[in-house]
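Trainee: Structure file query.csv (CSV, C-alpha atoms) right here:
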```
chain,number,residue,atom,x,y,z
A,1,MET,CA,65.0,40.6,187.7
A,2,SER,CA,68.0,38.4,186.9
A,3,ARG,CA,71.4,38.8,188.6
A,4,LEU,CA,72.8,40.1,185.4
A,5,GLU,CA,70.2,42.8,185.2
A,6,GLN,CA,70.9,43.8,188.7
A,7,ASP,CA,74.6,44.2,188.0
A,8,PRO,CA,75.6,47.9,188.1
A,9,MET,CA,78.0,47.5,185.1
A,10,ARG,CA,75.3,46.1,182.9
A,11,LYS,CA,72.9,48.8,184.1
A,12,LYS,CA,75.3,51.5,183.1
A,13,TYR,CA,75.5,50.3,179.6
A,14,ASN,CA,71.9,49.2,179.2
A,15,HIS,CA,71.4,51.7,176.4
A,16,LEU,CA,73.9,49.7,174.3
A,17,ASP,CA,72.2,46.3,174.9
A,18,ASP,CA,70.2,46.5,171.7
A,19,GLU,CA,73.3,47.2,169.6
A,20,ALA,CA,75.2,44.4,171.3
A,21,THR,CA,72.5,41.8,170.6
A,22,GLN,CA,72.2,42.7,166.9
A,23,VAL,CA,73.7,40.2,164.6
A,24,ASP,CA,77.0,41.5,163.1
A,25,ASP,CA,76.6,43.6,159.9
A,26,ALA,CA,78.3,41.0,157.9
A,27,VAL,CA,76.3,38.1,159.2
A,28,GLU,CA,73.1,39.9,159.0
A,29,SER,CA,73.5,41.0,155.4
A,30,ARG,CA,74.7,37.6,154.5
A,31,LEU,CA,71.7,35.9,156.1
A,32,GLN,CA,69.3,38.4,154.7
A,33,ALA,CA,70.7,37.9,151.3
A,34,GLY,CA,70.2,34.2,151.7
A,35,GLN,CA,66.6,34.7,152.7
A,36,ARG,CA,65.9,37.0,149.8
A,37,LEU,CA,67.4,34.6,147.3
A,38,ALA,CA,65.5,31.7,148.7
A,39,ALA,CA,62.1,33.4,149.0
A,40,PRO,CA,60.8,33.5,145.4
A,41,ALA,CA,61.2,29.8,144.8
A,42,ASP,CA,59.7,28.1,147.8
A,43,ASN,CA,58.2,25.2,145.8
A,44,THR,CA,61.5,23.5,144.9
A,45,ARG,CA,62.9,21.1,147.4
A,46,HIS,CA,66.5,22.5,146.9
A,47,GLU,CA,65.4,26.0,147.8
A,48,GLU,CA,63.4,24.8,150.7
A,49,ASP,CA,66.5,23.2,152.0
A,50,SER,CA,68.5,26.3,151.5
A,51,GLN,CA,65.9,28.3,153.3
A,52,SER,CA,65.9,26.0,156.3
A,53,ALA,CA,69.7,26.0,156.3
A,54,VAL,CA,69.7,29.8,156.5
A,55,ASP,CA,67.0,29.7,159.2
A,56,ALA,CA,69.0,27.2,161.2
A,57,SER,CA,72.2,29.3,160.8
A,58,LEU,CA,70.4,32.4,161.8
A,59,GLU,CA,68.9,30.6,164.8
A,60,ARG,CA,72.4,29.4,165.8
A,61,PHE,CA,73.8,33.0,165.6
A,62,GLN,CA,70.9,34.2,167.7
A,63,GLN,CA,71.5,31.5,170.3
A,64,VAL,CA,75.1,32.6,170.5
A,65,ASP,CA,74.1,36.2,170.9
A,66,HIS,CA,71.5,35.3,173.6
A,67,LEU,CA,73.9,33.1,175.4
A,68,MET,CA,76.7,35.6,175.5
A,69,LYS,CA,74.5,38.6,176.1
A,70,THR,CA,73.0,37.0,179.2
A,71,ALA,CA,76.2,35.7,180.6
A,72,PRO,CA,76.8,36.7,184.2
A,73,ILE,CA,79.6,39.1,185.2
A,74,VAL,CA,81.9,37.4,187.6
A,75,ALA,CA,82.5,39.2,190.9
A,76,SER,CA,86.0,39.9,191.9
A,77,PRO,CA,87.2,38.0,195.1
A,78,ARG,CA,86.7,39.6,198.4
A,79,GLY,CA,89.5,42.0,199.4
A,80,PHE,CA,91.0,42.1,195.9
A,81,ALA,CA,91.4,45.9,195.9
A,82,ASP,CA,93.0,45.9,199.3
A,83,ARG,CA,95.5,43.2,198.3
A,84,VAL,CA,96.5,45.2,195.2
A,85,ILE,CA,96.9,48.4,197.2
A,86,GLY,CA,99.0,46.5,199.7
A,87,LEU,CA,101.3,45.3,196.9
A,88,LEU,CA,101.5,48.8,195.5
A,89,LYS,CA,102.4,50.3,198.9
A,90,LYS,CA,105.1,47.6,199.3
A,91,GLN,CA,106.4,48.4,195.9
A,92,ALA,CA,106.4,52.1,196.7
A,93,GLN,CA,108.7,51.3,199.7
A,94,ILE,CA,111.0,49.3,197.6
A,95,TYR,CA,111.2,51.9,194.9
A,96,PRO,CA,111.4,55.1,197.0
A,97,ASN,CA,109.7,57.4,194.4
A,98,TYR,CA,112.5,58.0,192.0
A,99,SER,CA,112.8,57.5,188.4
A,100,GLU,CA,115.5,55.0,187.7
A,101,GLY,CA,116.6,56.6,184.4
A,102,THR,CA,116.8,60.1,185.8
A,103,GLY,CA,118.6,58.7,188.9
A,104,ILE,CA,121.3,57.0,186.7
A,105,ILE,CA,121.8,60.2,184.6
A,106,LEU,CA,122.0,62.5,187.6
A,107,GLY,CA,124.3,60.1,189.5
A,108,LEU,CA,126.7,59.7,186.5
A,109,ALA,CA,126.7,63.5,186.0
A,110,ALA,CA,127.5,64.2,189.6
A,111,ALA,CA,130.2,61.5,189.6
A,112,ALA,CA,131.7,62.9,186.4
A,113,LEU,CA,131.7,66.5,187.8
A,114,VAL,CA,133.8,65.4,190.7
A,115,ILE,CA,135.9,62.6,189.2
A,116,ILE,CA,136.9,64.0,185.8
A,117,PRO,CA,138.7,67.2,187.1
A,118,VAL,CA,140.5,65.2,189.8
A,119,LEU,CA,141.5,62.4,187.4
A,120,GLY,CA,142.4,64.9,184.7
A,121,THR,CA,144.6,66.9,187.0
A,122,ALA,CA,146.2,63.7,188.4
A,123,LEU,CA,146.9,62.5,184.9
A,124,PHE,CA,148.4,65.8,183.8
A,125,LEU,CA,150.6,66.0,186.8
A,126,THR,CA,151.7,62.4,186.5
A,127,THR,CA,152.5,62.8,182.8
A,128,GLN,CA,154.5,66.0,183.5
A,129,ALA,CA,156.3,64.4,186.5
A,130,ILE,CA,157.4,61.5,184.4
A,131,VAL,CA,158.9,63.6,181.7
A,132,ASN,CA,160.2,66.5,183.8
A,133,GLN,CA,162.4,65.6,186.8
A,134,SER,CA,162.5,69.2,188.3
A,135,LEU,CA,158.7,69.3,188.3
A,136,ARG,CA,158.6,65.9,190.0
A,137,VAL,CA,160.9,67.2,192.7
A,138,SER,CA,158.8,70.3,193.1
A,139,LEU,CA,155.6,68.3,193.3
A,140,ILE,CA,156.9,66.1,196.0
A,141,HIS,CA,158.1,69.3,197.8
A,142,GLU,CA,154.6,70.9,197.5
A,143,ALA,CA,153.0,67.7,198.7
A,144,SER,CA,155.2,67.7,201.7
A,145,HIS,CA,154.2,71.3,202.4
A,146,VAL,CA,150.5,70.3,202.2
A,147,ILE,CA,151.0,67.4,204.6
A,148,GLU,CA,152.9,69.7,206.9
A,149,ALA,CA,150.1,72.3,206.8
A,150,VAL,CA,147.5,69.6,207.6
A,151,ALA,CA,149.6,68.3,210.5
A,152,THR,CA,150.0,71.8,211.9
A,153,TRP,CA,146.2,72.4,211.6
A,154,VAL,CA,145.5,69.1,213.4
A,155,GLN,CA,147.8,70.1,216.2
A,156,ASN,CA,146.2,73.5,216.6
A,157,PRO,CA,142.9,73.8,214.7
A,158,SER,CA,141.8,77.2,216.2
A,159,ILE,CA,144.5,79.1,214.3
A,160,SER,CA,143.7,77.5,210.9
A,161,LEU,CA,140.0,78.2,210.5
A,162,PRO,CA,140.2,79.1,206.7
A,163,ILE,CA,141.7,75.6,206.0
A,164,ALA,CA,138.9,74.0,208.0
A,165,MET,CA,136.3,75.8,206.1
A,166,LEU,CA,138.0,74.9,202.9
A,167,MET,CA,138.0,71.2,203.9
A,168,VAL,CA,134.3,71.3,204.8
A,169,VAL,CA,133.5,72.9,201.4
A,170,ALA,CA,135.6,70.3,199.7
A,171,MET,CA,133.9,67.5,201.6
A,172,LEU,CA,130.3,68.6,200.6
A,173,PRO,CA,130.3,67.2,197.0
A,174,PHE,CA,132.0,64.0,198.1
A,175,THR,CA,129.4,63.5,200.9
A,176,ALA,CA,126.5,64.2,198.6
A,177,LEU,CA,127.9,61.9,196.0
A,178,SER,CA,128.5,59.1,198.5
A,179,GLY,CA,125.0,59.5,200.0
A,180,TYR,CA,123.5,59.4,196.5
A,181,LEU,CA,125.4,56.3,195.5
A,182,PHE,CA,124.5,54.5,198.7
A,183,TRP,CA,120.8,55.4,198.2
A,184,PHE,CA,120.8,54.4,194.6
A,185,PHE,CA,122.6,51.0,195.0
A,186,ASN,CA,120.5,50.3,198.1
A,187,GLY,CA,117.3,50.8,196.1
A,188,LEU,CA,118.7,48.6,193.3
A,189,ALA,CA,119.6,45.8,195.8
A,190,LYS,CA,116.1,45.9,197.3
A,191,ALA,CA,114.5,45.9,193.9
A,192,GLY,CA,116.7,42.9,192.9
A,193,SER,CA,115.8,40.9,196.0
A,194,ALA,CA,112.1,41.7,195.6
A,195,SER,CA,112.1,40.5,192.0
A,196,SER,CA,113.9,37.3,193.0
A,197,GLU,CA,111.3,36.8,195.7
A,198,GLN,CA,108.5,37.2,193.2
A,199,ALA,CA,110.2,34.8,190.8
B,1,MET,CA,81.3,53.2,176.4
B,2,ILE,CA,80.2,56.6,177.7
B,3,LEU,CA,80.8,57.3,181.4
B,4,PRO,CA,78.6,59.7,183.3
B,5,GLU,CA,80.2,63.2,183.7
B,6,LEU,CA,80.3,62.8,187.5
B,7,LEU,CA,82.3,59.6,187.2
B,8,VAL,CA,84.7,61.1,184.7
B,9,GLU,CA,85.3,64.0,187.1
B,10,GLN,CA,85.8,61.6,190.0
B,11,GLU,CA,88.1,59.6,187.9
B,12,ASN,CA,90.2,62.6,186.9
B,13,ALA,CA,90.5,63.8,190.5
B,14,LEU,CA,91.6,60.3,191.6
B,15,LEU,CA,94.2,60.2,188.8
B,16,GLU,CA,95.5,63.6,189.8
B,17,LYS,CA,95.9,62.4,193.4
B,18,THR,CA,97.5,59.2,192.3
B,19,LEU,CA,100.0,61.0,190.2
B,20,ARG,CA,101.0,63.1,193.2
B,21,GLY,CA,101.8,59.8,195.0
B,22,ASP,CA,98.5,59.0,196.8
B,23,VAL,CA,98.3,55.2,196.5
B,24,GLU,CA,94.9,55.2,198.3
B,25,ALA,CA,93.5,57.3,195.5
B,26,PHE,CA,94.5,54.6,193.0
B,27,GLY,CA,92.9,52.1,195.4
B,28,GLU,CA,89.6,53.9,194.7
B,29,LEU,CA,90.1,53.5,191.0
B,30,ILE,CA,90.8,49.8,191.5
B,31,ARG,CA,87.5,49.5,193.5
B,32,LEU,CA,85.7,51.2,190.6
B,33,TYR,CA,87.0,48.8,188.0
B,34,GLU,CA,88.0,45.6,189.8
B,35,ARG,CA,84.8,43.8,188.8
B,36,PRO,CA,84.9,44.4,185.1
B,37,ILE,CA,88.6,43.8,184.9
B,38,PHE,CA,88.4,40.6,187.0
B,39,ASN,CA,85.5,39.4,184.8
B,40,LEU,CA,87.5,40.1,181.7
B,41,CYS,CA,90.4,38.2,183.0
B,42,TYR,CA,88.2,35.3,184.2
B,43,ARG,CA,86.4,35.0,180.9
B,44,MET,CA,89.8,35.2,179.0
B,45,LEU,CA,91.7,32.7,181.2
B,46,GLY,CA,88.8,30.5,182.5
B,47,ASP,CA,90.5,30.1,185.9
B,48,GLY,CA,89.7,32.1,189.1
B,49,ALA,CA,93.1,32.1,190.6
B,50,GLU,CA,94.9,32.9,187.4
B,51,ALA,CA,92.3,35.6,186.6
B,52,GLU,CA,93.0,37.2,190.0
B,53,ASP,CA,96.7,37.2,189.3
B,54,ALA,CA,96.2,38.7,185.9
B,55,ALA,CA,93.8,41.4,187.1
B,56,GLN,CA,96.3,42.3,189.9
B,57,GLU,CA,99.1,42.5,187.4
B,58,ALA,CA,97.0,44.7,185.1
B,59,PHE,CA,96.4,47.2,187.9
B,60,ILE,CA,100.0,47.2,188.9
B,61,ARG,CA,101.1,47.8,185.3
B,62,ALA,CA,98.5,50.6,185.1
B,63,TYR,CA,99.9,52.2,188.3
B,64,SER,CA,103.5,51.9,187.1
B,65,ASN,CA,102.7,53.4,183.7
B,66,LEU,CA,100.3,56.0,184.9
B,67,ALA,CA,102.7,58.8,183.9
B,68,SER,CA,102.5,57.7,180.3
B,69,TYR,CA,98.7,57.4,180.3
B,70,ASP,CA,97.1,59.7,177.6
B,71,ARG,CA,94.4,61.6,179.4
B,72,ALA,CA,92.5,62.1,176.2
B,73,ARG,CA,91.7,58.4,176.3
B,74,SER,CA,89.2,56.8,178.7
B,75,PHE,CA,91.0,55.4,181.8
B,76,LYS,CA,88.7,52.4,181.7
B,77,THR,CA,89.6,51.7,178.1
B,78,TRP,CA,93.3,52.0,178.9
B,79,VAL,CA,93.1,49.6,181.8
B,80,PHE,CA,91.0,47.2,179.7
B,81,SER,CA,93.7,47.4,177.1
B,82,ILE,CA,96.4,46.5,179.6
B,83,ALA,CA,94.3,43.6,181.0
B,84,SER,CA,93.3,42.2,177.7
B,85,ASN,CA,96.8,42.3,176.2
B,86,HIS,CA,98.2,40.7,179.4
B,87,CYS,CA,95.6,37.9,179.2
B,88,ILE,CA,96.4,37.3,175.5
B,89,ASP,CA,100.1,37.1,176.4
B,90,ARG,CA,99.3,34.6,179.2
B,91,LEU,CA,97.2,32.5,176.9
B,92,ARG,CA,99.9,32.4,174.3
B,93,LYS,CA,102.4,31.3,176.9
B,94,ARG,CA,100.2,28.7,178.3
B,95,ARG,CA,100.5,25.1,177.1
B,96,LEU,CA,97.6,24.1,175.0
B,97,THR,CA,95.1,22.0,177.0
B,98,LEU,CA,92.3,20.0,175.4
B,99,LEU,CA,89.0,20.0,177.2
B,100,SER,CA,86.4,17.4,177.0
B,101,ILE,CA,82.7,18.2,176.9
B,102,ASP,CA,82.2,15.5,179.5
B,103,GLU,CA,84.3,17.5,181.9
B,104,PRO,CA,82.8,21.0,182.0
B,105,LEU,CA,84.7,23.6,184.0
B,106,PRO,CA,83.4,24.1,187.5
B,107,PRO,CA,81.8,27.5,187.9
B,108,HIS,CA,83.8,30.3,189.6
B,109,PRO,CA,82.8,30.6,193.3
B,110,ALA,CA,81.5,34.1,192.7
B,111,LEU,CA,79.0,32.6,190.2
B,112,VAL,CA,77.2,30.7,192.9
B,113,SER,CA,74.0,32.6,193.0
B,114,ASP,CA,72.5,34.1,196.1
B,115,GLN,CA,69.1,33.5,194.7
B,116,PRO,CA,67.0,31.1,196.8
B,117,ASP,CA,65.9,29.0,193.8
B,118,PRO,CA,68.3,26.0,193.6
B,119,GLU,CA,67.1,25.1,190.1
B,120,GLN,CA,68.0,28.6,188.9
B,121,GLN,CA,71.4,28.2,190.6
B,122,ILE,CA,72.1,25.0,188.7
B,123,LEU,CA,71.0,26.5,185.4
B,124,GLU,CA,73.2,29.5,186.1
B,125,ALA,CA,76.2,27.4,186.9
B,126,GLU,CA,75.6,25.2,183.8
B,127,ARG,CA,75.3,28.2,181.6
B,128,SER,CA,78.5,29.7,183.0
B,129,ALA,CA,80.3,26.5,182.5
B,130,LEU,CA,79.1,26.2,179.0
B,131,ILE,CA,80.0,29.7,178.1
B,132,GLN,CA,83.5,29.3,179.6
B,133,LYS,CA,83.9,26.0,177.8
B,134,LEU,CA,83.0,27.7,174.5
B,135,LEU,CA,85.3,30.6,175.1
B,136,ASN,CA,88.2,28.4,176.1
B,137,GLN,CA,88.0,26.8,172.6
B,138,LEU,CA,88.5,30.1,170.8
B,139,ALA,CA,91.9,31.5,169.9
B,140,PRO,CA,93.0,34.3,172.2
B,141,ASP,CA,92.4,37.1,169.6
B,142,TYR,CA,88.9,35.9,169.0
B,143,ARG,CA,88.2,35.3,172.6
B,144,VAL,CA,89.1,38.9,173.6
B,145,ALA,CA,86.9,40.2,170.8
B,146,VAL,CA,83.9,38.2,172.1
B,147,VAL,CA,84.4,39.2,175.7
B,148,LEU,CA,84.9,42.9,175.0
B,149,ARG,CA,81.9,43.0,172.7
B,150,TYR,CA,79.3,41.0,174.7
B,151,TRP,CA,80.3,41.8,178.2
B,152,TYR,CA,81.3,45.4,177.9
B,153,ASP,CA,79.4,46.6,174.8
B,154,LEU,CA,82.5,48.3,173.5
B,155,SER,CA,82.4,49.9,170.0
B,156,TYR,CA,84.5,48.6,167.2
B,157,GLN,CA,86.6,51.7,167.4
B,158,GLU,CA,87.2,51.3,171.1
B,159,MET,CA,88.1,47.6,170.6
B,160,SER,CA,90.5,48.5,167.7
B,161,GLU,CA,92.2,51.1,169.9
B,162,MET,CA,92.5,48.6,172.7
B,163,LEU,CA,93.8,45.8,170.6
B,164,GLU,CA,96.0,48.0,168.5
B,165,THR,CA,94.4,46.9,165.2
B,166,THR,CA,92.0,48.2,162.6
B,167,GLU,CA,88.2,48.3,163.0
B,168,SER,CA,87.8,45.9,160.0
B,169,ALA,CA,90.1,43.4,161.7
B,170,VAL,CA,88.0,43.6,164.9
B,171,LYS,CA,84.8,43.0,162.9
B,172,SER,CA,86.4,40.1,161.1
B,173,ARG,CA,87.7,38.5,164.3
B,174,LEU,CA,84.2,38.9,165.9
B,175,PHE,CA,82.5,37.4,162.9
B,176,ARG,CA,84.9,34.5,162.8
B,177,ALA,CA,84.6,34.0,166.6
B,178,ARG,CA,80.8,33.9,166.3
B,179,GLN,CA,81.0,31.5,163.5
B,180,ALA,CA,83.3,29.3,165.6
B,181,LEU,CA,80.8,29.5,168.5
B,182,VAL,CA,78.0,28.5,166.2
B,183,GLU,CA,79.9,25.5,165.1
B,184,LEU,CA,80.7,24.6,168.7
B,185,LEU,CA,77.1,24.9,169.6
B,186,GLU,CA,76.2,22.4,166.9
B,187,ASP,CA,77.6,19.8,169.2
B,188,SER,CA,74.6,17.7,170.4
B,189,GLU,CA,75.8,17.7,174.0
B,190,ALA,CA,76.2,21.4,174.0
B,191,GLN,CA,72.6,21.7,172.6
B,192,MET,CA,71.4,19.4,175.4
B,193,ILE,CA,72.7,22.0,177.9
B,194,LEU,CA,71.7,25.0,175.9
B,195,GLN,CA,68.1,24.2,175.2
B,196,PRO,CA,66.8,24.3,178.8
B,197,LEU,CA,68.8,27.4,179.3
B,198,LEU,CA,67.3,29.2,176.4
B,199,ALA,CA,63.8,27.9,177.4
B,200,SER,CA,64.3,29.4,180.9
```
Just give me the structure as structure tokens.

Mentor:
Amino acid sequence: MSRLEQDPMRKKYNHLDDEATQVDDAVESRLQAGQRLAAPADNTRHEEDSQSAVDASLERFQQVDHLMKTAPIVASPRGFADRVIGLLKKQAQIYPNYSEGTGIILGLAAAALVIIPVLGTALFLTTQAIVNQSLRVSLIHEASHVIEAVATWVQNPSISLPIAMLMVVAMLPFTALSGYLFWFFNGLAKAGSASSEQA
Amino acid sequence: MILPELLVEQENALLEKTLRGDVEAFGELIRLYERPIFNLCYRMLGDGAEAEDAAQEAFIRAYSNLASYDRARSFKTWVFSIASNHCIDRLRKRRLTLLSIDEPLPPHPALVSDQPDPEQQILEAERSALIQKLLNQLAPDYRVAVVLRYWYDLSYQEMSEMLETTESAVKSRLFRARQALVELLEDSEAQMILQPLLAS
């Protein structure tokens, strides 16, 4: 038994071998047509030449079929699968299982949720303060009150628990956003360095 | 290309695990198909190191795009499609190299037979070199048609799906490829190598 016949891949598709060895439909019909045309007039030299040309052509096609059909299947190098798995694991560490497109959309949405109201309010107040002097004064006054309240809380935190809770609640989205942005850009930086290493 | 039911079930289970993030499960799929994929790349590119690189890239691309894999299609056909298209791209990018019949390609190390008969080994190596030499002279589109047809017995329909073309285009490419191979075999030196091989 040849090495080719022993190959499991070839064994699996043995039932298709006959089909694979057949001359292509187009070639076969062409060659057969040539044979049929040449057959009735064997006695003229020209037709004998045609017949032998067709035979030679058919033989060449059969040689090609035989050569290709019996060509060995090359084995993959030792440890090939392990190397690919190693690369995939390394890649999985670089890209920590997140979809880049989804990450970008979620990140931008989270950033917009926090930033747009803050910037919008700031813009509104700034515009109002520019055109309205009394509002400007009252804003500065209010700001001073806030600073004073914070200073009081820092001096004696136990009596201002609601303010502390408010600050914690306000900190949560900022912390989440900062964490997300750090994770996302860290992943991008690693991916960038990995691709430059590969290059 | 009909896979036994058991293999299909095994393949589906491995795909499910892979999609849940189990890289080892994909490793099993690689082990199932590494040989045919590597052989395809080797026959397409004619170089062991480049074939390994291309096969590796094909599996990595398959893993990365697994979420978009249509489960109605055969996994093997899908991976073959990735590998063959990748090899065609590589061939198109590669600079054209002219090969002389006096300098046949050395056989791939994996082709060195474990059969004890040294004469058989030499014949095997010569045949492999001749086949590779012939393949290397075909255009990438023709080469892939020959490899898929002769080594993997793929149907015209499967080949057309893989190569994203029509069945008649596949038939035409295969016919022209075989015509080209016949012409290449007309070469007297090729015949000198071929005759003892055919006789054996």

Trainee: Any idea which chain B residues end up within 6 Å of chain A if we count only C-alpha atoms, as a PyMOL selection string please?

Mentor: chain B and resi 27+30-31+35+38-39+110+150+153+182

Trainee: Please identify all polymer residues within 12 Å of Ser172 of chain B, counting only C-alpha atoms, omitting same-chain residues fewer than 3 positions from it, and present them as an mmCIF file with C-alpha atoms, keeping the file's coordinate frame.

Mentor:
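Output contents, as saved in around.cif:
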```cif
data_model
loop_
_atom_site.group_PDB
_atom_site.id
_atom_site.type_symbol
_atom_site.label_atom_id
_atom_site.label_comp_id
_atom_site.auth_asym_id
_atom_site.auth_seq_id
_atom_site.Cartn_x
_atom_site.Cartn_y
_atom_site.Cartn_z
ATOM 1 C CA ASP A 24 77.000 41.500 163.100
ATOM 2 C CA ASP A 25 76.600 43.600 159.900
ATOM 3 C CA ALA A 26 78.300 41.000 157.900
ATOM 4 C CA VAL A 27 76.300 38.100 159.200
ATOM 5 C CA ASP B 141 92.400 37.100 169.600
ATOM 6 C CA TYR B 142 88.900 35.900 169.000
ATOM 7 C CA ALA B 145 86.900 40.200 170.800
ATOM 8 C CA VAL B 146 83.900 38.200 172.100
ATOM 9 C CA TYR B 156 84.500 48.600 167.200
ATOM 10 C CA SER B 160 90.500 48.500 167.700
ATOM 11 C CA THR B 165 94.400 46.900 165.200
ATOM 12 C CA THR B 166 92.000 48.200 162.600
ATOM 13 C CA GLU B 167 88.200 48.300 163.000
ATOM 14 C CA SER B 168 87.800 45.900 160.000
ATOM 15 C CA ALA B 169 90.100 43.400 161.700
ATOM 16 C CA PHE B 175 82.500 37.400 162.900
ATOM 17 C CA ARG B 176 84.900 34.500 162.800
ATOM 18 C CA ALA B 177 84.600 34.000 166.600
ATOM 19 C CA ARG B 178 80.800 33.900 166.300
ATOM 20 C CA GLN B 179 81.000 31.500 163.500
#
```

Trainee: Counting all atoms listed in the file, I want the residues whose atoms come within 9 Å of (85.7, 39.1, 176.1) in the file frame, returned as an MDAnalysis selection string.

Mentor: chainID B and resid 39:41 43:44 84 135 142:152

Trainee: Please, what distance in Å, to one decimal, runs between atom CA of Arg94 of chain B and atom CA of Leu154 of chain B?

Mentor: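 Taking atom CA of Arg94 of chain B as the start and atom CA of Leu154 of chain B as the end point, the length is 26.8 Å.
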
Trainee: What does the structure give for the distance between atom CA of Gln157 of chain B and atom CA of Leu14 of chain B, in Å to one decimal?

Mentor: 26.2 Å

Trainee: Taking into account all atoms listed in the file, which residue in the set B:Glu11, B:Asp53, B:Glu183, B:Asp47 is nearest to Tyr33 of chain B?

Mentor: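 Among the listed residues, B:Glu11 lies closest to Tyr33 of chain B.
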
Trainee: Using all atoms listed in the file, determine which residues lie at most 10 Å from Ala139 of chain B, disregarding the query and same-chain residues fewer than 5 positions distant; provide the list as a ChimeraX atom specification.

Mentor: /B:88,91-92,144,173,177,180

Trainee: To one decimal place, how far is atom CA of Ala170 of chain A from atom CA of Ile104 of chain A in Å?

Mentor: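 Separation of atom CA of Ala170 of chain A and atom CA of Ile104 of chain A: 23.5 Å.
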
Trainee: From the set A:Thr127, A:Val150, A:Gln133, A:Leu181, which residue has the shortest atom-to-atom contact distance to Met167 of chain A, counting only C-alpha atoms?

Mentor: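 Going through A:Thr127, A:Val150, A:Gln133, A:Leu181 one by one, the smallest distance to Met167 of chain A is for A:Val150.
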
Trainee: Ranking B:Leu138, B:Val170, B:Ala13, B:Ala25 by minimum distance to Glu158 of chain B and counting all atoms listed in the file, which one comes first?

Mentor: B:Val170

Trainee: Give the answer as one residue: which of B:Gln10, B:Ile37, B:Glu52, B:Arg127 has the shortest atom-to-atom distance to Trp78 of chain B, using all atoms listed in the file?

Mentor: B:Ile37

Trainee: Env of Leu177 of chain A: 10 Å cut, atoms = only C-alpha atoms, seq-sep filter 4 positions within chain, self excluded. Answer as a PyMOL selection string.

Mentor: chain A and resi 107-108+110-111+114+171-173+181-183

Trainee: When you count only C-alpha atoms, which of these residues is closest to Arg73 of chain B: B:Ile60, B:Leu174, B:Cys87, B:Met162?

Mentor: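 Using only C-alpha atoms, Arg73 of chain B sits closest to B:Met162.
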